Amino acid sequence: MAAISGDTEVISDLFVTQQVSYRQLLYLRFCRNRLAVVGFWILALLYVVALGAEFFAPYGKTTRFGDILAPPRLPRMVDAEGGLHLRPFVYAYTKGRDPETLRRTYIADTAEKYPLRLFVRGDEYKFLFIESDLHLFGAEGGEIFLLGTDNQGRDLFSRVIYGARLSTTIGLCGVAISLVLGIIIGMISGYFGGFVDQAIQRGIEVLLSFPSIPLWLALSALLPLDWSPRRIFFFITIILSILNWGSLARIVRGLTLSVKNEEYVLSARMGGGGRWWIIRRHLFPANLSYAIVAATLSVPEMILGETALSFLGLGLRPPAVSWGVLLQASQKVSVLGVAPWLISPVAFVIVTVLAFNFVGDGLRDAVDPHSRY
């Protein structure tokens, strides 16, 4: 309580000494929510890494090695003899086979070390119009598998970074479409009322009444097997957006009903302002901040939706790489028992969803004048 009262005094002093705009006030209130700030920087880092996946990933998404289902090779600073090393390193693995189960075994070879270095040369790639083979980090003289390898010998950490590009982009694209549909249709429903409002609300109820799993199964059956990953990506984005704009439209409708009878809106109407002019100049700005908050909280639902669809085989398919596609390898309990690291993409999904929720909560508290923040 002392910290909150102290922050309140700081903002009060700012009002006394200088005029603070509404945007600056929102920024100050958002920054006071530490979890929201942490979530924002996590998301910023995630999108930067996803955008430059070719550089940040140590290997290409299709690069294969002879180490199939190899366990993670974590960097170390202290060797097996207790010696301290200033440069991190990983041990080489000695391959073998269990005589009873005939499974591959990987035993750390403490006699051979691979030091880690920054800005190493590796697989060639093309990013935008730039061709290069420079990667952020790598192991000198060997390989580094931070999350192990999959059943085809591909580095799982590199594929997780590439998968972040698709999984997180679906969330942003889907929410952008839902935001446009929700704001426009919600404002029309709330402002015009009458038959228009009734028709839109009944349509939203029908849309929200569809059971999700049977609908996904039906849509999956409509996807041709010869479609490219880009087409499937676009189709899934459109479908997820169509299924999620109804809730946002209801929120915008409620806000519009509360705003359209305000004095400044009635004054504009009596002054000769047309309907679309009032919607554009008064109702849209009044709904935008709340709609952005609702859209931010909807991004995790989009990401989880894509992950669930791809995990069940109803969404993106190989060779596309997303977090849901990567988790398809963990469907079999027998494989997961041998290589539990295949479920590691779940950790990235959880962190991303939590970060979006923290940011959404921070934005909601920032625009809410009755919030304790």
# chains A, B, ... in the order shown; residues from 1 in each chain; ligands from 1
call {"tool": "select_by_dssp", "arguments": {"residues": "segment 204-373 of chain A", "states": "helix (DSSP H, G or I)", "output": "ChimeraX atom specification"}}
result
/A:204-208,212-222,229-259,263-270,275-311,323-330,333-338,340-343,345-367
call {"tool": "residues_around", "arguments": {"residues": "Val49 of chain A", "least_positions_apart": "5", "cutoff": "12 Å", "atoms": "only C-alpha atoms", "output": "MDAnalysis selection string"}}
result
chainID A and resid 42:44 54:57 136 158 160:165 168
call {"tool": "closest_atom_pairs", "arguments": {"of": "segment 280-351 of chain A", "to": "segment 71-94 of chain A", "cutoff": "9 Å", "atoms": "only C-alpha atoms", "output": "tab-separated table"}}
result
residue	atom	partner	partner_atom	distance
A:Ala339	CA	A:Pro71	CA	7.3
A:Pro340	CA	A:Pro71	CA	8.9
A:Trp341	CA	A:Pro71	CA	7.3
call {"tool": "closest_residue", "arguments": {"among": "A:Ala291, A:Ala355, A:Met187, A:Leu69", "to": "Arg154 of chain A", "atoms": "only C-alpha atoms"}}
result
A:Leu69
call {"tool": "residues_around", "arguments": {"residues": "Arg23 of chain A", "least_positions_apart": "6", "cutoff": "12 Å", "atoms": "only C-alpha atoms", "output": "list in words"}}
result
Arg29, Phe30, Ser289, Leu363, Ala366 and Val367 of chain A
call {"tool": "write_last_selection", "arguments": {"atoms": "C-alpha atoms", "output": "tab-separated table (two decimals), in the first residue's frame"}}
result
chain	number	residue	atom	x	y	z
A	29	ARG	CA	-0.24	3.68	-15.27
A	30	PHE	CA	0.92	0.80	-17.46
A	289	SER	CA	-8.82	1.66	-26.07
A	363	LEU	CA	-3.62	-2.25	-20.46
A	366	ALA	CA	-4.34	1.57	-17.43
A	367	VAL	CA	-7.58	2.48	-19.20
call {"tool": "residues_around", "arguments": {"residues": "segment 256-268 of chain A", "least_positions_apart": "2", "cutoff": "12 Å", "atoms": "only C-alpha atoms", "output": "PyMOL selection string"}}
result
chain A and resi 183-193+197+249-254+270-288+290-291
call {"tool": "closest_residue", "arguments": {"among": "A:Ala294, A:Val359, A:Ala176, A:Ile144", "to": "Leu156 of chain A", "atoms": "only C-alpha atoms"}}
result
A:Ile144
